[in-house]
Amino acid sequence: MLSEQSAATVRATLPVVGAAIGDITERFYERLFTARPELLRDLFNRGNQAAGTQRQALAGSIAAFATYLVDHPDERPDVMLHRIAHKHASLGVTPEQYPTVHEHLFAAIAEVLGDAVTPEVGAAWDEVYWLMANALIAIEARLYAEQGAVGCDTWREWEVVGRIEETADVATFQLRPLGEAPAPGFRAGQYVSVQVQLDDGARQIRQYSLSGAGGTGSSVRQISVKRVTAGAGTPEGEVSHHLHARVREGDVLRLSAPYGDLVLDAADQDAPLLLASAGIGVTPMTAMLEQLAATGHRGPVTVVHADRSPAEHALRADHAAYAGKLPHGAAYFFYERPDEGHPAELTGLADLTALPPLPAGTRAYLCGPLPFMRAVRTQLLGCGVAAADIHYEVFGPDLWLAQG
């Protein structure tokens, strides 16, 4: 894929570019948002920009892609590319936006690295960029075509037909599409983008997993939204607070078609499965359990969830009920702070060594904070689960980390 000459140049300059890539991406976003302020207002996550995590994500994806190309010159990291492409499609990213990114990114590289960017170096990194960009454009075009999205327009209006307060900080919104067109199908584990207009006129977008389908043949879909509170170095979640404070039954939301590639595989039919989640990562796992129960999955299914307390375990009743419908399902809930009303079977952080041994050939699906998934993945490898059979979802700007 990458020419031999460019591969040699990229390999030689990776340490220099890697050392400066934080400065490069910071300058890139400054240039981009000065030239195109509407992108920050209506496309990019302002919270992630304020926290600096979006810059880290761009830096990480470029570095990961370039490193993969020089290490595997005849291949490309399709898992990473597909993960990013699904995110882009859910946002309505268009092919025309890639030259804009290229213009400001390479201007930033020249500004930060100066004379180190010789014509040869510039050409090599230009090749890297367009290999990545053209691969993403092609994958995104297929995703749009699968959803019948004309001109990358993936948006549709949905009416809120129900709202359930799951916990103090999680609300479920049940939604039905407006108009006569049927609700788009989805695969358990996928997410939708939700776009809301905030008080300052910005139209911010966030992704939320579909946590249920409203029953077989139903046009109702549901998302479960955790209110994001401000923390050290992170601002309050603009969209989650808007949904919690403003959106009620009868209101209308703008949703994308469903996207995301952390889905149950056809090879999973009756295979032993492990579904592990923590916190709001429960949402795609609940949808997967609903699907497994509806299709009569006969293989063993081990359900693991970690949370601070039973009161903070969103969708707890559904989580347990769907697991209970499986003929060989077993649920294990870990709570840091169990209470008397809901005595925990297990106390503390998720620990697979406290469970019965996993069946041979187990395929695992994980969703939750990165530290949780890294810890569970390590435990699974220690239990003999093959790395290729461990699948996980990363939400937020660090999607590129979810390529393993």
# chains A, B, ... in the order shown; residues from 1 in each chain; ligands from 1
>>> residues_around(residues="Glu165 of chain A", least_positions_apart="5", cutoff="10 Å", atoms="only C-alpha atoms", output="list in words")
Val170, Ala171, Thr172, Phe173, Ser224, Val225, His244, Ala314 and Leu315 of chain A
>>> residues_around(residues="segment 146-149 of chain A", least_positions_apart="4", cutoff="10 Å", atoms="only C-alpha atoms", output="count of residues only")
14
>>> residues_around(residues="segment 61-69 of chain A", least_positions_apart="5", cutoff="12 Å", atoms="only C-alpha atoms", output="ChimeraX atom specification")
/A:1-4,6-22,24-25,54-56,74-81,83-84,105,124-133,135-136,397-404
>>> atom_distance(atom1="atom CA of Val301 of chain A", atom2="atom CA of Ala330 of chain A")
6.4 Å
>>> select_by_dssp(residues="segment 71-215 of chain A", states="strand (DSSP E)", output="ChimeraX atom specification")
/A:155-165,170-177,191-197,203-212
>>> select_by_dssp(residues="segment 40-285 of chain A", states="alpha helix (DSSP H)", output="NGL selection string")
:A and (40-42 or 46-51 or 53-71 or 78-91 or 97-113 or 119-146 or 238-246 or 282-285)
>>> write_last_selection(atoms="C-alpha atoms", output="JSON list (two decimals), in the first residue's frame")
[["chain", "number", "residue", "atom", "x", "y", "z"],
["A", 40, "LEU", "CA", -16.86, 23.31, 16.06],
["A", 41, "ARG", "CA", -20.40, 24.57, 16.55],
["A", 42, "ASP", "CA", -22.23, 21.80, 14.70],
["A", 46, "ARG", "CA", -17.00, 21.04, 22.12],
["A", 47, "GLY", "CA", -16.46, 19.26, 25.43],
["A", 48, "ASN", "CA", -13.75, 17.05, 23.96],
["A", 49, "GLN", "CA", -12.14, 20.09, 22.36],
["A", 50, "ALA", "CA", -12.14, 21.95, 25.67],
["A", 51, "ALA", "CA", -10.59, 18.96, 27.46],
["A", 53, "THR", "CA", -9.06, 14.79, 24.16],
["A", 54, "GLN", "CA", -10.02, 15.38, 20.51],
["A", 55, "ARG", "CA", -6.45, 16.50, 19.76],
["A", 56, "GLN", "CA", -5.13, 13.35, 21.39],
["A", 57, "ALA", "CA", -7.50, 11.26, 19.29],
["A", 58, "LEU", "CA", -6.38, 12.74, 15.98],
["A", 59, "ALA", "CA", -2.74, 12.41, 17.01],
["A", 60, "GLY", "CA", -3.31, 8.82, 18.08],
["A", 61, "SER", "CA", -5.09, 7.79, 14.90],
["A", 62, "ILE", "CA", -2.45, 9.30, 12.62],
["A", 63, "ALA", "CA", 0.41, 7.78, 14.59],
["A", 64, "ALA", "CA", -1.29, 4.38, 14.79],
["A", 65, "PHE", "CA", -2.07, 4.34, 11.07],
["A", 66, "ALA", "CA", 1.43, 5.44, 10.02],
["A", 67, "THR", "CA", 3.08, 2.95, 12.36],
["A", 68, "TYR", "CA", 0.93, 0.13, 11.04],
["A", 69, "LEU", "CA", 1.79, 1.01, 7.43],
["A", 70, "VAL", "CA", 5.54, 0.93, 7.96],
["A", 71, "ASP", "CA", 5.32, -2.28, 9.99],
["A", 78, "ASP", "CA", -9.08, -2.38, 8.73],
["A", 79, "VAL", "CA", -10.46, -2.84, 12.25],
["A", 80, "MET", "CA", -9.35, 0.67, 13.22],
["A", 81, "LEU", "CA", -10.53, 2.15, 9.91],
["A", 82, "HIS", "CA", -13.97, 0.55, 10.15],
["A", 83, "ARG", "CA", -14.37, 1.75, 13.74],
["A", 84, "ILE", "CA", -13.56, 5.34, 12.70],
["A", 85, "ALA", "CA", -15.70, 5.12, 9.55],
["A", 86, "HIS", "CA", -18.78, 4.06, 11.53],
["A", 87, "LYS", "CA", -18.27, 7.06, 13.81],
["A", 88, "HIS", "CA", -17.87, 9.38, 10.82],
["A", 89, "ALA", "CA", -20.98, 8.01, 9.10],
["A", 90, "SER", "CA", -23.02, 8.55, 12.25],
["A", 91, "LEU", "CA", -21.94, 12.21, 12.15],
["A", 97, "GLN", "CA", -14.42, 17.55, 4.23],
["A", 98, "TYR", "CA", -11.24, 15.50, 3.81],
["A", 99, "PRO", "CA", -9.42, 18.06, 1.58],
["A", 100, "THR", "CA", -10.27, 20.74, 4.16],
["A", 101, "VAL", "CA", -8.71, 18.66, 6.92],
["A", 102, "HIS", "CA", -5.69, 18.00, 4.68],
["A", 103, "GLU", "CA", -5.18, 21.70, 3.98],
["A", 104, "HIS", "CA", -5.09, 22.75, 7.62],
["A", 105, "LEU", "CA", -3.29, 19.65, 8.92],
["A", 106, "PHE", "CA", -0.38, 19.97, 6.52],
["A", 107, "ALA", "CA", -0.16, 23.71, 7.07],
["A", 108, "ALA", "CA", 0.11, 22.94, 10.80],
["A", 109, "ILE", "CA", 2.82, 20.34, 10.17],
["A", 110, "ALA", "CA", 4.84, 22.88, 8.18],
["A", 111, "GLU", "CA", 4.41, 25.55, 10.86],
["A", 112, "VAL", "CA", 5.47, 23.29, 13.72],
["A", 113, "LEU", "CA", 8.31, 21.36, 12.05],
["A", 119, "PRO", "CA", 9.55, 18.03, -0.16],
["A", 120, "GLU", "CA", 10.37, 14.34, 0.31],
["A", 121, "VAL", "CA", 9.02, 14.29, 3.88],
["A", 122, "GLY", "CA", 5.91, 16.22, 2.88],
["A", 123, "ALA", "CA", 5.20, 13.85, -0.01],
["A", 124, "ALA", "CA", 5.61, 10.76, 2.19],
["A", 125, "TRP", "CA", 3.22, 11.98, 4.87],
["A", 126, "ASP", "CA", 0.84, 13.21, 2.18],
["A", 127, "GLU", "CA", 0.72, 9.64, 0.90],
["A", 128, "VAL", "CA", -0.06, 8.38, 4.42],
["A", 129, "TYR", "CA", -2.88, 10.90, 4.80],
["A", 130, "TRP", "CA", -4.57, 10.07, 1.51],
["A", 131, "LEU", "CA", -4.23, 6.33, 2.01],
["A", 132, "MET", "CA", -6.13, 6.74, 5.29],
["A", 133, "ALA", "CA", -8.59, 9.32, 3.95],
["A", 134, "ASN", "CA", -9.46, 7.43, 0.77],
["A", 135, "ALA", "CA", -9.91, 4.19, 2.70],
["A", 136, "LEU", "CA", -12.29, 5.95, 5.10],
["A", 137, "ILE", "CA", -14.18, 7.63, 2.26],
["A", 138, "ALA", "CA", -14.73, 4.25, 0.56],
["A", 139, "ILE", "CA", -15.89, 2.53, 3.75],
["A", 140, "GLU", "CA", -18.17, 5.43, 4.65],
["A", 141, "ALA", "CA", -19.70, 5.39, 1.16],
["A", 142, "ARG", "CA", -20.64, 1.73, 1.66],
["A", 143, "LEU", "CA", -22.11, 2.47, 5.08],
["A", 144, "TYR", "CA", -24.21, 5.32, 3.71],
["A", 145, "ALA", "CA", -25.40, 3.13, 0.82],
["A", 146, "GLU", "CA", -26.44, 0.37, 3.23],
["A", 238, "GLU", "CA", -23.78, 19.66, 27.06],
["A", 239, "VAL", "CA", -25.99, 17.20, 25.22],
["A", 240, "SER", "CA", -26.60, 14.77, 28.08],
["A", 241, "HIS", "CA", -27.65, 17.63, 30.38],
["A", 242, "HIS", "CA", -29.92, 19.03, 27.66],
["A", 243, "LEU", "CA", -31.61, 15.65, 27.20],
["A", 244, "HIS", "CA", -32.07, 15.14, 30.94],
["A", 245, "ALA", "CA", -33.33, 18.68, 31.64],
["A", 246, "ARG", "CA", -35.34, 19.48, 28.52],
["A", 282, "VAL", "CA", -24.37, -1.80, 30.00],
["A", 283, "THR", "CA", -26.47, -0.32, 27.17],
["A", 284, "PRO", "CA", -25.15, -2.30, 24.17],
["A", 285, "MET", "CA", -24.86, -5.42, 26.31]]
>>> closest_residue(among="A:Arg363, A:Arg187, A:Arg36, A:Arg254", to="Arg206 of chain A", atoms="only C-alpha atoms")
A:Arg254
>>> atom_distance(atom1="atom CA of Leu366 of chain A", atom2="atom CA of Leu275 of chain A")
6.1 Å
>>> closest_residue(among="A:Asp265, A:Glu312, A:Glu26, A:Glu345", to="Ile390 of chain A", atoms="only C-alpha atoms")
A:Asp265
>>> atom_distance(atom1="atom CA of Gly296 of chain A", atom2="atom CA of Cys383 of chain A")
26.8 Å
>>> closest_residue(among="A:Pro310, A:Gly382, A:Gly250, A:Gly231", to="Thr353 of chain A", atoms="only C-alpha atoms")
A:Gly382
>>> closest_residue(among="A:Thr302, A:Ser309, A:Gln222, A:Thr295", to="Gly279 of chain A", atoms="only C-alpha atoms")
A:Ser309
>>> closest_residue(among="A:Val376, A:His313, A:Gly189, A:Gly201", to="Leu352 of chain A", atoms="only C-alpha atoms")
A:Val376
>>> closest_residue(among="A:Val263, A:Ala360, A:Val93, A:Ala116", to="Gly151 of chain A", atoms="only C-alpha atoms")
A:Val93
